[in-house]
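Here is the structure we will look at, set down as structure tokens.
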Amino acid sequence: KKFCNCWLHNGFVNIGDEKMSKSKGNFLTLRGACPKPDDVRAYRYLIVTSHYRNPLSFTDAAMGAAKGALKRLDSIRSRLGSALEGYDNSKSDVEENTNEIVAVVQKELIKFQDALADDLSTPRAVASLFAVVKAAENEFKRVKKAEKDDDTDDSPPLDLCGLAAVKGAIEHMDEVFGVFYDVPKASSSSEGDGADEEDDEDGATVPPEVVELVAARAAAKDAKDWELADSLRSRIGELGFAVKDVKGGEPIVSRI
């Protein structure tokens with residue numbers, strides 16, 4: 001059975017402005033780089049919304065932007081679900097012909113398909129995703145503003161036909177991006193009878209030697225001795241652990 005039709009060779013992963021490499025001491029594993037579920041989803045979003053041919057720059061700023069984008073997407077999905085509860089989309093065929101939001105959605109779906117057909121341009125594809133998200137956000141803002149300006153108790157109706165089109169488009173686009181999911185919990189079980197004695201119930205116990213190396217590396221960084229800091233990071237990696245710096249906080253240490 002054929003395994004696949006196409007192979008794609010993606011660009012290198014950069015840590016900041018440098019290519020990730022063990023020899024440079026900036027090597028990270030996914031477990032070390034994404035210790036929490038929202039980190040995992042953010043990294044996936046960062047990958048699938050970057051063009052596969054270009055280098056991927058892994059930075060705190062890039063991960064922060066990815067988390068912000070996912071927060072916006074999760075928020076609009078939740079609002080759409082509440083607004084469309086009980087709505088029968090099968091009776092909206094006539095209304096769709098003159099609906100402004102539906103027209104935006106249809107236009108962006110075409111642009112979305114064109115982007116993917118153009119060398120898998122996911123950055124352009126995600127722009128279409130957020131164009132339909134913005135259409136829904138503007139509709140919620142319109143109704144909220146009307147409620148605020150109107151002295152009566154009657155709330156202006158939401159454009160449910162248009163919002164249903166947005167919801168369908170987001171779900172369709174996510175068949176490509178795959179960012180709406182619950183991150184499964186990592187299994188801490190090990191094969192055979194010999195479980196790692198250094199791990200606690202969460203598999204997170206760090207040996208004293210590694211703790212001392214992490215502290216020494218932090219001191220070297222404070223002293224701007226970057227060569228020593230890189231050397232200590234490499235030593236930590238040799239012991240089976242990865243260290244991730246956290247701006248304004250303690251570094252995160254995790255098993256590779």
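Residue numbering restarts at 1 for every chain of the structure tokens, chains are lettered A, B, ... in their displayed order, and ligands are numbered from 1 as they appear.
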
(message) Residues within 10 Å of range 66-83 of chain A, please, as a ChimeraX atom specification. Count only C-alpha atoms; anything in the same chain fewer than 4 positions from it doesn't count.
(response) /A:38-47,49,60-62,87,129-130,133-134,136-137,140,158-160,163-164,166-167,170-171,179-180

Taking 3 positions as the minimum chain separation for residues in the same chain, which residues sit within 9 Å of range 10-20 of chain A when counting only C-alpha atoms? Answer as a compact mmCIF listing (two decimals) with N, CA, C and O atoms, in the first residue's frame.
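Ended up saving to result-v1.txt:
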# COMPACT_ATOMS: atom_id res chain seq x y z
N SER A 23 25.13 21.12 18.57
CA SER A 23 26.48 21.69 18.70
C SER A 23 26.44 23.13 19.21
O SER A 23 27.39 23.60 19.82
N LYS A 24 25.33 23.83 18.96
CA LYS A 24 25.20 25.21 19.44
C LYS A 24 24.62 25.27 20.85
O LYS A 24 24.55 26.35 21.45
N GLY A 25 24.19 24.12 21.37
CA GLY A 25 23.63 24.10 22.71
C GLY A 25 22.24 24.69 22.81
O GLY A 25 21.80 25.03 23.91
N ASN A 26 21.55 24.85 21.69
CA ASN A 26 20.20 25.43 21.73
C ASN A 26 19.14 24.42 21.29
O ASN A 26 18.11 24.78 20.74
N PHE A 27 19.43 23.14 21.52
CA PHE A 27 18.56 22.06 21.07
C PHE A 27 17.39 21.90 22.04
O PHE A 27 17.57 21.84 23.26
N LEU A 28 16.16 21.85 21.50
CA LEU A 28 14.97 21.66 22.31
C LEU A 28 14.16 20.48 21.79
O LEU A 28 14.11 20.25 20.57
N HIS A 51 4.84 29.11 6.35
CA HIS A 51 5.06 28.44 5.08
C HIS A 51 6.13 27.37 5.23
O HIS A 51 7.20 27.63 5.81
N TYR A 52 5.84 26.19 4.72
CA TYR A 52 6.72 25.05 4.97
C TYR A 52 8.12 25.23 4.39
O TYR A 52 9.08 24.61 4.86
N ARG A 53 8.27 26.06 3.35
CA ARG A 53 9.59 26.23 2.74
C ARG A 53 10.52 27.13 3.56
O ARG A 53 11.73 27.07 3.42
N ASN A 54 9.92 27.99 4.39
CA ASN A 54 10.71 28.99 5.10
C ASN A 54 11.18 28.46 6.46
O ASN A 54 10.54 27.60 7.06
N PRO A 55 12.30 29.01 6.98
CA PRO A 55 12.72 28.64 8.34
C PRO A 55 11.64 29.03 9.34
O PRO A 55 10.95 30.04 9.16
N LEU A 56 11.49 28.23 10.38
CA LEU A 56 10.53 28.51 11.44
C LEU A 56 11.27 29.08 12.64
O LEU A 56 12.16 28.43 13.19
N SER A 57 10.94 30.29 13.02
CA SER A 57 11.61 30.94 14.14
C SER A 57 10.83 30.67 15.42
O SER A 57 9.71 31.16 15.59
N PHE A 58 11.42 29.87 16.31
CA PHE A 58 10.78 29.54 17.59
C PHE A 58 11.26 30.54 18.63
O PHE A 58 12.41 30.50 19.07
N THR A 59 10.39 31.46 19.04
CA THR A 59 10.71 32.46 20.05
C THR A 59 9.54 32.59 21.01
O THR A 59 8.41 32.17 20.71
N ASP A 60 9.79 33.20 22.16
CA ASP A 60 8.70 33.46 23.11
C ASP A 60 7.64 34.35 22.48
O ASP A 60 6.44 34.18 22.71

(message) Which residues are close to Gly162 in chain A, i.e. within 12 Å by only C-alpha atoms, leaving aside same-chain residues fewer than 5 positions away? Reply as an MDAnalysis selection string.
(response) chainID A and resid 80 83:84 87 89 92:93 95:106 132:133 135:140 157 167:169

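One finds CA of Pro184 in chain A at 22.6 Å from CA of Val243 in chain A.
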
(request) Give me the residues within 9 Å of Pro123 in chain A as a list in words, counting only C-alpha atoms and dropping any in the same chain fewer than 2 places off. (result) Val48, Thr49, Ser50, His51, Ala115, Leu120, Ser121, Ala125, Val126 and Ala127 of chain A

Residues as selected, all heavy atoms, written as a PDB file, in the first residue's frame, can you do that?
ATOM      1  N   VAL A  48       1.582  25.140  11.426  1.00  0.00           N
ATOM      2  CA  VAL A  48       0.683  25.030  10.277  1.00  0.00           C
ATOM      3  C   VAL A  48       0.359  26.369   9.638  1.00  0.00           C
ATOM      4  O   VAL A  48      -0.137  26.417   8.510  1.00  0.00           O
ATOM      5  CB  VAL A  48      -0.631  24.299  10.645  1.00  0.00           C
ATOM      6  CG1 VAL A  48      -0.349  22.887  11.104  1.00  0.00           C
ATOM      7  CG2 VAL A  48      -1.429  25.074  11.681  1.00  0.00           C
ATOM      8  N   THR A  49       0.629  27.477  10.325  1.00  0.00           N
ATOM      9  CA  THR A  49       0.358  28.787   9.734  1.00  0.00           C
ATOM     10  C   THR A  49       1.627  29.442   9.193  1.00  0.00           C
ATOM     11  O   THR A  49       1.587  30.587   8.743  1.00  0.00           O
ATOM     12  CB  THR A  49      -0.306  29.734  10.751  1.00  0.00           C
ATOM     13  OG1 THR A  49       0.544  29.885  11.897  1.00  0.00           O
ATOM     14  CG2 THR A  49      -1.662  29.179  11.182  1.00  0.00           C
ATOM     15  N   SER A  50       2.752  28.727   9.235  1.00  0.00           N
ATOM     16  CA  SER A  50       3.999  29.201   8.637  1.00  0.00           C
ATOM     17  C   SER A  50       4.206  28.462   7.318  1.00  0.00           C
ATOM     18  O   SER A  50       3.807  27.307   7.178  1.00  0.00           O
ATOM     19  CB  SER A  50       5.179  28.934   9.566  1.00  0.00           C
ATOM     20  OG  SER A  50       4.989  29.540  10.827  1.00  0.00           O
ATOM     21  N   HIS A  51       4.838  29.112   6.354  1.00  0.00           N
ATOM     22  CA  HIS A  51       5.055  28.440   5.079  1.00  0.00           C
ATOM     23  C   HIS A  51       6.132  27.372   5.234  1.00  0.00           C
ATOM     24  O   HIS A  51       7.202  27.633   5.806  1.00  0.00           O
ATOM     25  CB  HIS A  51       5.462  29.432   3.986  1.00  0.00           C
ATOM     26  CG  HIS A  51       5.291  28.867   2.610  1.00  0.00           C
ATOM     27  ND1 HIS A  51       6.241  28.064   2.010  1.00  0.00           N
ATOM     28  CD2 HIS A  51       4.256  28.956   1.735  1.00  0.00           C
ATOM     29  CE1 HIS A  51       5.815  27.689   0.811  1.00  0.00           C
ATOM     30  NE2 HIS A  51       4.615  28.218   0.617  1.00  0.00           N
ATOM     31  N   ALA A 115      -5.140  29.729  -1.996  1.00  0.00           N
ATOM     32  CA  ALA A 115      -3.890  29.814  -1.240  1.00  0.00           C
ATOM     33  C   ALA A 115      -3.265  28.435  -1.071  1.00  0.00           C
ATOM     34  O   ALA A 115      -2.054  28.255  -1.249  1.00  0.00           O
ATOM     35  CB  ALA A 115      -4.143  30.454   0.124  1.00  0.00           C
ATOM     36  N   LEU A 120       0.885  25.441  -1.224  1.00  0.00           N
ATOM     37  CA  LEU A 120       0.469  25.252   0.174  1.00  0.00           C
ATOM     38  C   LEU A 120       0.756  26.501   1.012  1.00  0.00           C
ATOM     39  O   LEU A 120       1.417  26.446   2.046  1.00  0.00           O
ATOM     40  CB  LEU A 120       1.170  24.029   0.778  1.00  0.00           C
ATOM     41  CG  LEU A 120       0.486  23.384   1.987  1.00  0.00           C
ATOM     42  CD1 LEU A 120      -0.865  22.827   1.598  1.00  0.00           C
ATOM     43  CD2 LEU A 120       1.357  22.264   2.551  1.00  0.00           C
ATOM     44  N   SER A 121       0.244  27.634   0.553  1.00  0.00           N
ATOM     45  CA  SER A 121       0.499  28.906   1.232  1.00  0.00           C
ATOM     46  C   SER A 121      -0.422  29.047   2.443  1.00  0.00           C
ATOM     47  O   SER A 121      -1.441  29.749   2.409  1.00  0.00           O
ATOM     48  CB  SER A 121       0.301  30.082   0.274  1.00  0.00           C
ATOM     49  OG  SER A 121       0.585  31.297   0.919  1.00  0.00           O
ATOM     50  N   ALA A 125      -3.765  31.331   3.684  1.00  0.00           N
ATOM     51  CA  ALA A 125      -4.979  30.603   4.062  1.00  0.00           C
ATOM     52  C   ALA A 125      -5.484  31.039   5.431  1.00  0.00           C
ATOM     53  O   ALA A 125      -6.693  31.203   5.641  1.00  0.00           O
ATOM     54  CB  ALA A 125      -4.715  29.096   4.047  1.00  0.00           C
ATOM     55  N   VAL A 126      -4.569  31.252   6.362  1.00  0.00           N
ATOM     56  CA  VAL A 126      -4.992  31.660   7.703  1.00  0.00           C
ATOM     57  C   VAL A 126      -5.516  33.095   7.693  1.00  0.00           C
ATOM     58  O   VAL A 126      -6.344  33.473   8.531  1.00  0.00           O
ATOM     59  CB  VAL A 126      -3.840  31.491   8.722  1.00  0.00           C
ATOM     60  CG1 VAL A 126      -2.846  32.652   8.668  1.00  0.00           C
ATOM     61  CG2 VAL A 126      -4.388  31.375  10.147  1.00  0.00           C
ATOM     62  N   ALA A 127      -5.067  33.912   6.734  1.00  0.00           N
ATOM     63  CA  ALA A 127      -5.622  35.260   6.594  1.00  0.00           C
ATOM     64  C   ALA A 127      -7.103  35.191   6.232  1.00  0.00           C
ATOM     65  O   ALA A 127      -7.913  35.990   6.719  1.00  0.00           O
ATOM     66  CB  ALA A 127      -4.848  36.037   5.530  1.00  0.00           C
TER      67      ALA A 127
END

(request) DSSP on the backbone, then: every residue of range 1-250 of chain A marked strand (DSSP E or B), written as an NGL selection string. (result) :A and (13-15 or 18-19 or 56-58 or 241-244)

Write the residues of the preceding selection, restricted to all heavy atoms, as an mmCIF file, in the first residue's frame.
data_model
loop_
_atom_site.group_PDB
_atom_site.id
_atom_site.type_symbol
_atom_site.label_atom_id
_atom_site.label_comp_id
_atom_site.auth_asym_id
_atom_site.auth_seq_id
_atom_site.Cartn_x
_atom_site.Cartn_y
_atom_site.Cartn_z
ATOM 1 N N VAL A 13 14.241 24.731 11.791
ATOM 2 C CA VAL A 13 13.719 25.422 12.968
ATOM 3 C C VAL A 13 14.842 26.258 13.562
ATOM 4 O O VAL A 13 15.929 25.745 13.852
ATOM 5 C CB VAL A 13 13.185 24.424 14.015
ATOM 6 C CG1 VAL A 13 12.744 25.167 15.268
ATOM 7 C CG2 VAL A 13 12.035 23.614 13.447
ATOM 8 N N ASN A 14 14.583 27.546 13.740
ATOM 9 C CA ASN A 14 15.550 28.440 14.361
ATOM 10 C C ASN A 14 15.122 28.764 15.783
ATOM 11 O O ASN A 14 13.938 28.968 16.054
ATOM 12 C CB ASN A 14 15.667 29.752 13.574
ATOM 13 C CG ASN A 14 16.324 29.556 12.222
ATOM 14 O OD1 ASN A 14 16.962 28.537 11.973
ATOM 15 N ND2 ASN A 14 16.170 30.530 11.353
ATOM 16 N N ILE A 15 16.089 28.801 16.677
ATOM 17 C CA ILE A 15 15.846 29.279 18.033
ATOM 18 C C ILE A 15 16.334 30.721 18.053
ATOM 19 O O ILE A 15 17.535 30.986 18.055
ATOM 20 C CB ILE A 15 16.593 28.444 19.095
ATOM 21 C CG1 ILE A 15 16.222 26.964 18.955
ATOM 22 C CG2 ILE A 15 16.279 28.960 20.499
ATOM 23 C CD1 ILE A 15 14.764 26.665 19.184
ATOM 24 N N GLU A 18 19.160 31.762 15.291
ATOM 25 C CA GLU A 18 20.126 30.705 14.984
ATOM 26 C C GLU A 18 19.418 29.384 14.707
ATOM 27 O O GLU A 18 18.396 29.069 15.315
ATOM 28 C CB GLU A 18 21.099 30.508 16.150
ATOM 29 C CG GLU A 18 22.105 31.627 16.344
ATOM 30 C CD GLU A 18 23.157 31.250 17.377
ATOM 31 O OE1 GLU A 18 22.779 30.664 18.407
ATOM 32 O OE2 GLU A 18 24.350 31.538 17.145
ATOM 33 N N LYS A 19 19.990 28.604 13.792
ATOM 34 C CA LYS A 19 19.450 27.277 13.521
ATOM 35 C C LYS A 19 19.599 26.402 14.751
ATOM 36 O O LYS A 19 20.646 26.414 15.410
ATOM 37 C CB LYS A 19 20.188 26.645 12.338
ATOM 38 C CG LYS A 19 19.600 25.303 11.898
ATOM 39 C CD LYS A 19 20.362 24.709 10.736
ATOM 40 C CE LYS A 19 21.629 24.039 11.205
ATOM 41 N NZ LYS A 19 22.282 23.267 10.133
ATOM 42 N N LEU A 56 11.495 28.227 10.378
ATOM 43 C CA LEU A 56 10.527 28.509 11.444
ATOM 44 C C LEU A 56 11.274 29.082 12.636
ATOM 45 O O LEU A 56 12.157 28.428 13.189
ATOM 46 C CB LEU A 56 9.792 27.236 11.844
ATOM 47 C CG LEU A 56 8.814 27.394 13.016
ATOM 48 C CD1 LEU A 56 7.595 28.181 12.577
ATOM 49 C CD2 LEU A 56 8.387 26.028 13.544
ATOM 50 N N SER A 57 10.936 30.295 13.017
ATOM 51 C CA SER A 57 11.608 30.936 14.142
ATOM 52 C C SER A 57 10.826 30.670 15.423
ATOM 53 O O SER A 57 9.705 31.158 15.592
ATOM 54 C CB SER A 57 11.724 32.445 13.897
ATOM 55 O OG SER A 57 12.430 33.066 14.945
ATOM 56 N N PHE A 58 11.424 29.871 16.313
ATOM 57 C CA PHE A 58 10.777 29.542 17.587
ATOM 58 C C PHE A 58 11.258 30.537 18.634
ATOM 59 O O PHE A 58 12.415 30.498 19.068
ATOM 60 C CB PHE A 58 11.123 28.115 18.003
ATOM 61 C CG PHE A 58 10.453 27.686 19.289
ATOM 62 C CD1 PHE A 58 9.184 27.132 19.260
ATOM 63 C CD2 PHE A 58 11.092 27.843 20.502
ATOM 64 C CE1 PHE A 58 8.564 26.740 20.440
ATOM 65 C CE2 PHE A 58 10.479 27.455 21.681
ATOM 66 C CZ PHE A 58 9.213 26.897 21.651
ATOM 67 N N PHE A 241 17.898 15.894 29.997
ATOM 68 C CA PHE A 241 16.931 16.925 30.352
ATOM 69 C C PHE A 241 17.078 18.137 29.428
ATOM 70 O O PHE A 241 18.137 18.363 28.851
ATOM 71 C CB PHE A 241 17.111 17.374 31.810
ATOM 72 C CG PHE A 241 16.637 16.356 32.809
ATOM 73 C CD1 PHE A 241 17.465 15.293 33.176
ATOM 74 C CD2 PHE A 241 15.372 16.424 33.362
ATOM 75 C CE1 PHE A 241 17.035 14.343 34.082
ATOM 76 C CE2 PHE A 241 14.935 15.469 34.262
ATOM 77 C CZ PHE A 241 15.771 14.425 34.634
ATOM 78 N N ALA A 242 15.983 18.868 29.276
ATOM 79 C CA ALA A 242 15.983 20.106 28.494
ATOM 80 C C ALA A 242 15.590 21.250 29.409
ATOM 81 O O ALA A 242 14.786 21.076 30.339
ATOM 82 C CB ALA A 242 15.003 20.006 27.328
ATOM 83 N N VAL A 243 16.166 22.416 29.160
ATOM 84 C CA VAL A 243 15.842 23.591 29.959
ATOM 85 C C VAL A 243 15.290 24.674 29.039
ATOM 86 O O VAL A 243 15.860 24.955 27.979
ATOM 87 C CB VAL A 243 17.077 24.103 30.748
ATOM 88 C CG1 VAL A 243 18.242 24.396 29.830
ATOM 89 C CG2 VAL A 243 16.717 25.338 31.567
ATOM 90 N N LYS A 244 14.149 25.245 29.413
ATOM 91 C CA LYS A 244 13.514 26.302 28.627
ATOM 92 C C LYS A 244 13.458 27.565 29.471
ATOM 93 O O LYS A 244 12.920 27.563 30.582
ATOM 94 C CB LYS A 244 12.094 25.888 28.216
ATOM 95 C CG LYS A 244 11.357 26.972 27.431
ATOM 96 C CD LYS A 244 9.921 26.575 27.175
ATOM 97 C CE LYS A 244 9.175 27.706 26.458
ATOM 98 N NZ LYS A 244 7.740 27.397 26.287
#

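Straight-line separation from CA of Gly86 in chain A to CA of Ser155 in chain A: 18.3 Å.
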
(message) as a ChimeraX atom specification, please: every residue in range 16-255 of chain A that a backbone DSSP assignment puts in alpha helix (DSSP H).
(response) /A:30-33,37-48,60-83,93-96,100-117,122-149,160-177,208-222,226-238

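Among the candidates A:Gly32, A:Lys107, A:Ala223, A:Glu85, the one nearest to Asp245 in chain A when counting only C-alpha atoms is A:Gly32.
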